[in-house]
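*Asks:* This structure is in C-alpha cells; I'll ask about it shortly.
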Amino acid sequence: MALEGSQACCLLRLFLSLFLFLFLSAVSGSHPPSERLMSSASAIRAASNQTKKTAPDVAAEVGRYADVAKRIIERAVFGAAQNRSYRRLADFTDTVGNRVSGSQNLERAIRYMYDAMKQDGLEVHLEPVKIPHWVRGKESAEMVVPRAKSLAILGLGSSVATPPEGIEAEVLVVQSFEELKRRASEAAGRIVVFNQPFISYGETVSYRAFGASEAARVGAVATLIRSVTPFSINSPHTGWQTYQDGVKRIPTACITVEDAELLWRLARNKQKIVVRLVMGAQTLPDADSFNTVAEIRGWQRPEQVVLLSGHLDSWDVGQGAMDDGGGALISWEALSLIKDLGLRPRRTLRAVLWTAEEQGGVGAQQYFKLHKENISNFDLVMESDLGTFTPMALQFTGSDAARKVMEEVVNLLAPINTTKLEAGAEGTDISQWMQAGVPGASLHVADSRYFWFHHSEGDTMTVQDPHDMNLCSALWAVVAYVVADLQDMLPR
C-alpha cells in the first residue's frame, strides 16, 4: 500500500505540473515567465487607463472646485491682487522696453523676470537655448518720382541689406501673387510693391512671409509689402519673413496701408513711380538665450506637469506689451494667485516664458526637444499669445473624453462669464506638443483690435486694460490649478 500511494502522489504531481505548463503556454504563447508578468502588468495598467469616468462622475469631481475657483477669481478681480498683473507688466515694459531676439534688451528682460519671480517665492530656473540674431540697422524709403515723398517703413526680420548707397528703381505694384505671375515680364530690375487687401491674418501674412522670394523669382531687386493689418494711422508693421532655398535674397520691408494704396492709385493712373530704398540690416551669429521657467511643485505627482506660457521676446518696436508681455505676465500671475491662497496641486504647475517666438518659436522648439522624452507626463499645455483683452472663451484641443472634462472646468468660470469651450487651441510655442497628442489650451479674447497694434510702434501699455488682465489672470489660474489637481490626467 505504501508503494502504491507514493506512485499515485507522483503521478498526481506530474499531471498537475503538465496541466499548469499547458495552461500557461496557451495563455502566453512562447514568452518567458518574466515577459508574461510584464505583459500582465501592462495589460492591467492599460485596462486601468481605459476606465472612463461617467459624465456625472466628472461633473461631481470638478464641481468640488467651485469654492476654490471663486476664491481665485475674487482675489484676482476684486481682492488684494486686483490690477497686479497690469502693474507688473507696466513696470516690466517701462523698465526693459522692446525685446527682439538676440538683443541685450531680451537678456535684460530674462534676468528681470528671473529675479522678479524668485522674489515672488516661486521656484525659478533658466534653460539655455540658441536663438537668431538679426539687427535692423538704419533704414529709409522715399518716393522720388512722380514727386518727393518719404515712405514710413519697417524692414522685415531676416531681410538682407541694400548696398550702402541704397537701391533706386522703378516700381511695379501688384495686389496678389497671381497678378505678379501674370506680369512677371514687367518685374525684372524693379521694386515690387504688394498692395494685397487684408482678409485675415492667417491668409494675408503669406505676402509678408514669402513676398520677397516670390518677387525675386521674376527678377525684382527689392520688395515693399503692405503691412498686415486691417487698420492703420500711417503705421508700418514688421514681422519675420522667410527666404526660399535656391532663390536670390533681396531686401524686403513693410510700408503703411496708406502708402501702399497711394502707390497703387498712381500705378493705376499709369504714372511712373521710382523709389529709393536704403536698409542696413544684418544677420549675426546665433546668440545665447534662455527659456525662463517658474514652478509650483506638485505635492503628489510632481513629475506630471500642467504648462502655462507666453513669450518674453517681442519685436524691436513699441514695448511688446500686448505681444506678448500680457501673455507672459498672466502666466506668472496665475502661479502667484495660487501661491497667495496657499494652494498646491497634485501635479506641478510650470510657467514657461519662451524666448525667440517671433522667429518661429525657436525657444519652444528647443524646449520640446529637451523634454519630449517625458511627454507622457505633460497633462495640459497652455499658451496666451493673442492679447489679454476681455476673455471670451477657452480654446481646447484634445480627445472627446478630455473635452468633457474641460467643459466642466470652464463652468467654474461662471462668475466672470467665460464658460464657453471652443475647438482648436492656438499657439506657435505649444503646437508641437499638441501634434504629439498632448491636450492644449489657449485664450480666445475680444481681439478685434489686436492686429491694429501687432508688431508696430503702437504695441505699448496704452493698449492694455487692467480689468481685462485681471479676468485673463483669473481664467488662466483656475483652469491650470483645477486640471493640475484632478485625480487623473486628462484622457488622450
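So you can find residues: chains in the C-alpha cells are A, B, ... in the order shown, residues in each start at 1, and ligands are numbered from 1 in order.
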Per DSSP on the backbone, filter range 78-264 of chain A down to the residues in alpha helix (DSSP H) and report them as a ChimeraX atom specification.
*Replies:* /A:84-96,104-119,177-182,201-217,257-264
*Asks:* Between A:Cys472, A:Thr460, A:Arg347, A:Ala60, which is the closest to Asp385 in chain A once you count only C-alpha atoms?
*Replies:*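 Comparing A:Cys472, A:Thr460, A:Arg347, A:Ala60 against Asp385 in chain A, the winner is A:Cys472.
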*Asks:* Leaving out Arg403 in chain A and any residue of its chain fewer than 3 positions from it, which residues lie within 10 Å of it when counting only C-alpha atoms, given as a list in words?
*Replies:* Phe396, Thr397, Gly398, Ser399, Asp400, Met406, Glu407, Glu408, Val409, Leu421, Glu422, Ala423, Pro439, Leu490, Pro491 and Arg492 of chain A
*Asks:* Go ahead and write the selection's residues with N, CA, C and O atoms as a PDB file, in the first residue's frame.
*Replies:*
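Generated file (again.pdb):
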ATOM      1  N   PHE A 396      -9.639  74.751 -26.981  1.00  0.00           N
ATOM      2  CA  PHE A 396      -9.090  73.476 -26.496  1.00  0.00           C
ATOM      3  C   PHE A 396      -8.905  72.489 -27.624  1.00  0.00           C
ATOM      4  O   PHE A 396      -9.760  72.353 -28.509  1.00  0.00           O
ATOM      5  N   THR A 397      -7.790  71.778 -27.586  1.00  0.00           N
ATOM      6  CA  THR A 397      -7.514  70.664 -28.485  1.00  0.00           C
ATOM      7  C   THR A 397      -7.233  69.429 -27.642  1.00  0.00           C
ATOM      8  O   THR A 397      -6.356  69.458 -26.771  1.00  0.00           O
ATOM      9  N   GLY A 398      -7.985  68.352 -27.880  1.00  0.00           N
ATOM     10  CA  GLY A 398      -7.787  67.123 -27.128  1.00  0.00           C
ATOM     11  C   GLY A 398      -8.846  66.099 -27.489  1.00  0.00           C
ATOM     12  O   GLY A 398      -9.694  66.331 -28.362  1.00  0.00           O
ATOM     13  N   SER A 399      -8.810  64.980 -26.823  1.00  0.00           N
ATOM     14  CA  SER A 399      -9.761  63.900 -27.086  1.00  0.00           C
ATOM     15  C   SER A 399     -11.164  64.290 -26.643  1.00  0.00           C
ATOM     16  O   SER A 399     -11.354  65.252 -25.885  1.00  0.00           O
ATOM     17  N   ASP A 400     -12.156  63.523 -27.105  1.00  0.00           N
ATOM     18  CA  ASP A 400     -13.542  63.777 -26.705  1.00  0.00           C
ATOM     19  C   ASP A 400     -13.699  63.637 -25.194  1.00  0.00           C
ATOM     20  O   ASP A 400     -14.419  64.417 -24.557  1.00  0.00           O
ATOM     21  N   MET A 406     -12.918  69.276 -19.674  1.00  0.00           N
ATOM     22  CA  MET A 406     -12.683  70.715 -19.804  1.00  0.00           C
ATOM     23  C   MET A 406     -13.985  71.505 -19.845  1.00  0.00           C
ATOM     24  O   MET A 406     -14.038  72.656 -19.408  1.00  0.00           O
ATOM     25  N   GLU A 407     -15.039  70.922 -20.382  1.00  0.00           N
ATOM     26  CA  GLU A 407     -16.348  71.591 -20.364  1.00  0.00           C
ATOM     27  C   GLU A 407     -16.806  71.839 -18.934  1.00  0.00           C
ATOM     28  O   GLU A 407     -17.401  72.879 -18.631  1.00  0.00           O
ATOM     29  N   GLU A 408     -16.531  70.881 -18.053  1.00  0.00           N
ATOM     30  CA  GLU A 408     -16.880  71.076 -16.647  1.00  0.00           C
ATOM     31  C   GLU A 408     -15.964  72.103 -15.991  1.00  0.00           C
ATOM     32  O   GLU A 408     -16.409  72.900 -15.157  1.00  0.00           O
ATOM     33  N   VAL A 409     -14.680  72.094 -16.375  1.00  0.00           N
ATOM     34  CA  VAL A 409     -13.734  73.046 -15.797  1.00  0.00           C
ATOM     35  C   VAL A 409     -14.135  74.480 -16.120  1.00  0.00           C
ATOM     36  O   VAL A 409     -14.141  75.351 -15.235  1.00  0.00           O
ATOM     37  N   LEU A 421     -16.317  76.756 -24.163  1.00  0.00           N
ATOM     38  CA  LEU A 421     -15.157  75.992 -24.606  1.00  0.00           C
ATOM     39  C   LEU A 421     -15.235  75.835 -26.118  1.00  0.00           C
ATOM     40  O   LEU A 421     -16.208  75.294 -26.638  1.00  0.00           O
ATOM     41  N   GLU A 422     -14.220  76.333 -26.822  1.00  0.00           N
ATOM     42  CA  GLU A 422     -14.201  76.293 -28.280  1.00  0.00           C
ATOM     43  C   GLU A 422     -13.178  75.271 -28.765  1.00  0.00           C
ATOM     44  O   GLU A 422     -12.189  74.979 -28.083  1.00  0.00           O
ATOM     45  N   ALA A 423     -13.401  74.763 -29.949  1.00  0.00           N
ATOM     46  CA  ALA A 423     -12.483  73.792 -30.539  1.00  0.00           C
ATOM     47  C   ALA A 423     -11.269  74.502 -31.121  1.00  0.00           C
ATOM     48  O   ALA A 423     -11.381  75.579 -31.701  1.00  0.00           O
ATOM     49  N   PRO A 439      -2.958  67.335 -24.769  1.00  0.00           N
ATOM     50  CA  PRO A 439      -4.044  68.323 -24.809  1.00  0.00           C
ATOM     51  C   PRO A 439      -3.495  69.747 -24.699  1.00  0.00           C
ATOM     52  O   PRO A 439      -2.517  69.994 -23.982  1.00  0.00           O
ATOM     53  N   LEU A 490      -5.715  64.367 -17.903  1.00  0.00           N
ATOM     54  CA  LEU A 490      -6.709  64.424 -18.972  1.00  0.00           C
ATOM     55  C   LEU A 490      -6.553  63.222 -19.897  1.00  0.00           C
ATOM     56  O   LEU A 490      -5.432  62.873 -20.290  1.00  0.00           O
ATOM     57  N   PRO A 491      -7.645  62.569 -20.268  1.00  0.00           N
ATOM     58  CA  PRO A 491      -7.561  61.403 -21.158  1.00  0.00           C
ATOM     59  C   PRO A 491      -7.055  61.820 -22.545  1.00  0.00           C
ATOM     60  O   PRO A 491      -7.371  62.907 -23.032  1.00  0.00           O
ATOM     61  N   ARG A 492      -6.286  60.933 -23.173  1.00  0.00           N
ATOM     62  CA  ARG A 492      -5.751  61.249 -24.504  1.00  0.00           C
ATOM     63  C   ARG A 492      -6.472  60.418 -25.558  1.00  0.00           C
ATOM     64  O   ARG A 492      -7.043  59.377 -25.247  1.00  0.00           O
TER      65      ARG A 492
END
*Asks:* Residues of range 213-459 of chain A classed as strand (DSSP E) by DSSP on the backbone are to be reported as a PyMOL selection string.
*Replies:* chain A and resi 222-226+252-255+274-279+282-296+301-311+347-354+378-383+391-397+421-423+440-445
*Asks:* I'd like to know which of A:Arg301, A:Leu266, A:Ser473, A:Thr462 is closest to Gln487 in chain A, using only C-alpha atoms.
*Replies:*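 Closest residue, counting only C-alpha atoms: A:Arg301.
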*Asks:* Please report the interatomic distance between CA of Val275 in chain A and CA of Arg226 in chain A in Å with one decimal.
*Replies:*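 Answer for the CA of Val275 in chain A to CA of Arg226 in chain A separation: 15.0 Å.
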*Asks:* Can you pull out every residue within 12 Å of Ser150 in chain A, counting only C-alpha atoms, but drop anything in the same chain fewer than 2 positions away, and send it as a PyMOL selection string?
*Replies:* chain A and resi 139-145+147-148+152-153+234+255-256+259+275-277
*Asks:* List every residue of range 463-489 of chain A that has an atom at most 12 Å from any atom of range 316-322 of chain A, giving for each one its closest atom pair and the distance in Å to one decimal, counting only C-alpha atoms, sorted by chain and then by ascending residue number, as CSV.
*Replies:*
residue,atom,partner,partner_atom,distance
A:Val463,CA,A:Met322,CA,7.0
A:Gln464,CA,A:Met322,CA,6.9
A:Asp465,CA,A:Met322,CA,10.2
A:Met469,CA,A:Met322,CA,10.8
*Asks:* Env of Pro146 in chain A: 9 Å cut, atoms = only C-alpha atoms, seq-sep filter 4 positions within chain, self excluded. Answer as a list in words.
*Replies:*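 My reading of the contact set: Leu266, Gln271, Lys272, Ile273 and Val274 of chain A.
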*Asks:* Let's have the selection written as an mmCIF file, in the first residue's frame, with C-alpha atoms.
*Replies:*
data_model
loop_
_atom_site.group_PDB
_atom_site.id
_atom_site.type_symbol
_atom_site.label_atom_id
_atom_site.label_comp_id
_atom_site.auth_asym_id
_atom_site.auth_seq_id
_atom_site.Cartn_x
_atom_site.Cartn_y
_atom_site.Cartn_z
ATOM 1 C CA LEU A 266 -0.569 106.205 -59.026
ATOM 2 C CA GLN A 271 2.177 107.147 -63.517
ATOM 3 C CA LYS A 272 5.834 106.175 -63.498
ATOM 4 C CA ILE A 273 6.934 105.567 -59.891
ATOM 5 C CA VAL A 274 10.534 105.485 -58.690
#
*Asks:* Got a sec: who's within 8 Å of Asp323 in chain A, counting only C-alpha atoms, leaving out chain neighbours fewer than 5 positions off, as a ChimeraX atom specification?
*Replies:* /A:314,385-387,454-455,459
*Asks:* Take the residues that were just selected and, keeping N, CA and C atoms, output them as a PDB file, in the first residue's frame.
*Replies:*
ATOM      1  N   SER A 314       9.917  90.138 -28.095  1.00  0.00           N
ATOM      2  CA  SER A 314       8.981  90.929 -28.898  1.00  0.00           C
ATOM      3  C   SER A 314       9.727  91.394 -30.140  1.00  0.00           C
ATOM      4  N   ASP A 385      -1.142  84.084 -26.523  1.00  0.00           N
ATOM      5  CA  ASP A 385      -0.337  84.895 -27.447  1.00  0.00           C
ATOM      6  C   ASP A 385      -1.212  85.638 -28.449  1.00  0.00           C
ATOM      7  N   LEU A 386      -2.445  85.918 -28.083  1.00  0.00           N
ATOM      8  CA  LEU A 386      -3.293  86.752 -28.949  1.00  0.00           C
ATOM      9  C   LEU A 386      -3.898  87.903 -28.163  1.00  0.00           C
ATOM     10  N   GLY A 387      -3.138  88.383 -27.192  1.00  0.00           N
ATOM     11  CA  GLY A 387      -3.584  89.521 -26.411  1.00  0.00           C
ATOM     12  C   GLY A 387      -4.270  89.095 -25.126  1.00  0.00           C
ATOM     13  N   HIS A 454      -0.296  95.132 -33.632  1.00  0.00           N
ATOM     14  CA  HIS A 454       0.602  93.990 -33.745  1.00  0.00           C
ATOM     15  C   HIS A 454       1.892  94.340 -34.483  1.00  0.00           C
ATOM     16  N   HIS A 455       3.061  94.094 -33.849  1.00  0.00           N
ATOM     17  CA  HIS A 455       4.372  94.268 -34.483  1.00  0.00           C
ATOM     18  C   HIS A 455       4.601  95.711 -34.949  1.00  0.00           C
ATOM     19  N   ASP A 459       2.278  99.018 -30.167  1.00  0.00           N
ATOM     20  CA  ASP A 459       2.153  97.978 -29.135  1.00  0.00           C
ATOM     21  C   ASP A 459       2.808  98.484 -27.853  1.00  0.00           C
TER      22      ASP A 459
END
*Asks:* Would you pick out the contacts of Arg268 in chain A at 12 Å or less, using only C-alpha atoms, so that residues sharing its chain but fewer than 6 positions from it are not included, and give the list as a PyMOL selection string?
*Replies:* chain A and resi 172-175+261-262
*Asks:* Have a look at A:Ala334, A:Val306, A:Leu412, A:Lys420 and name the one nearest to Gly440 in chain A; count only C-alpha atoms.
*Replies:*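 Residue with the minimum atom-to-atom distance to Gly440 in chain A: A:Val306.
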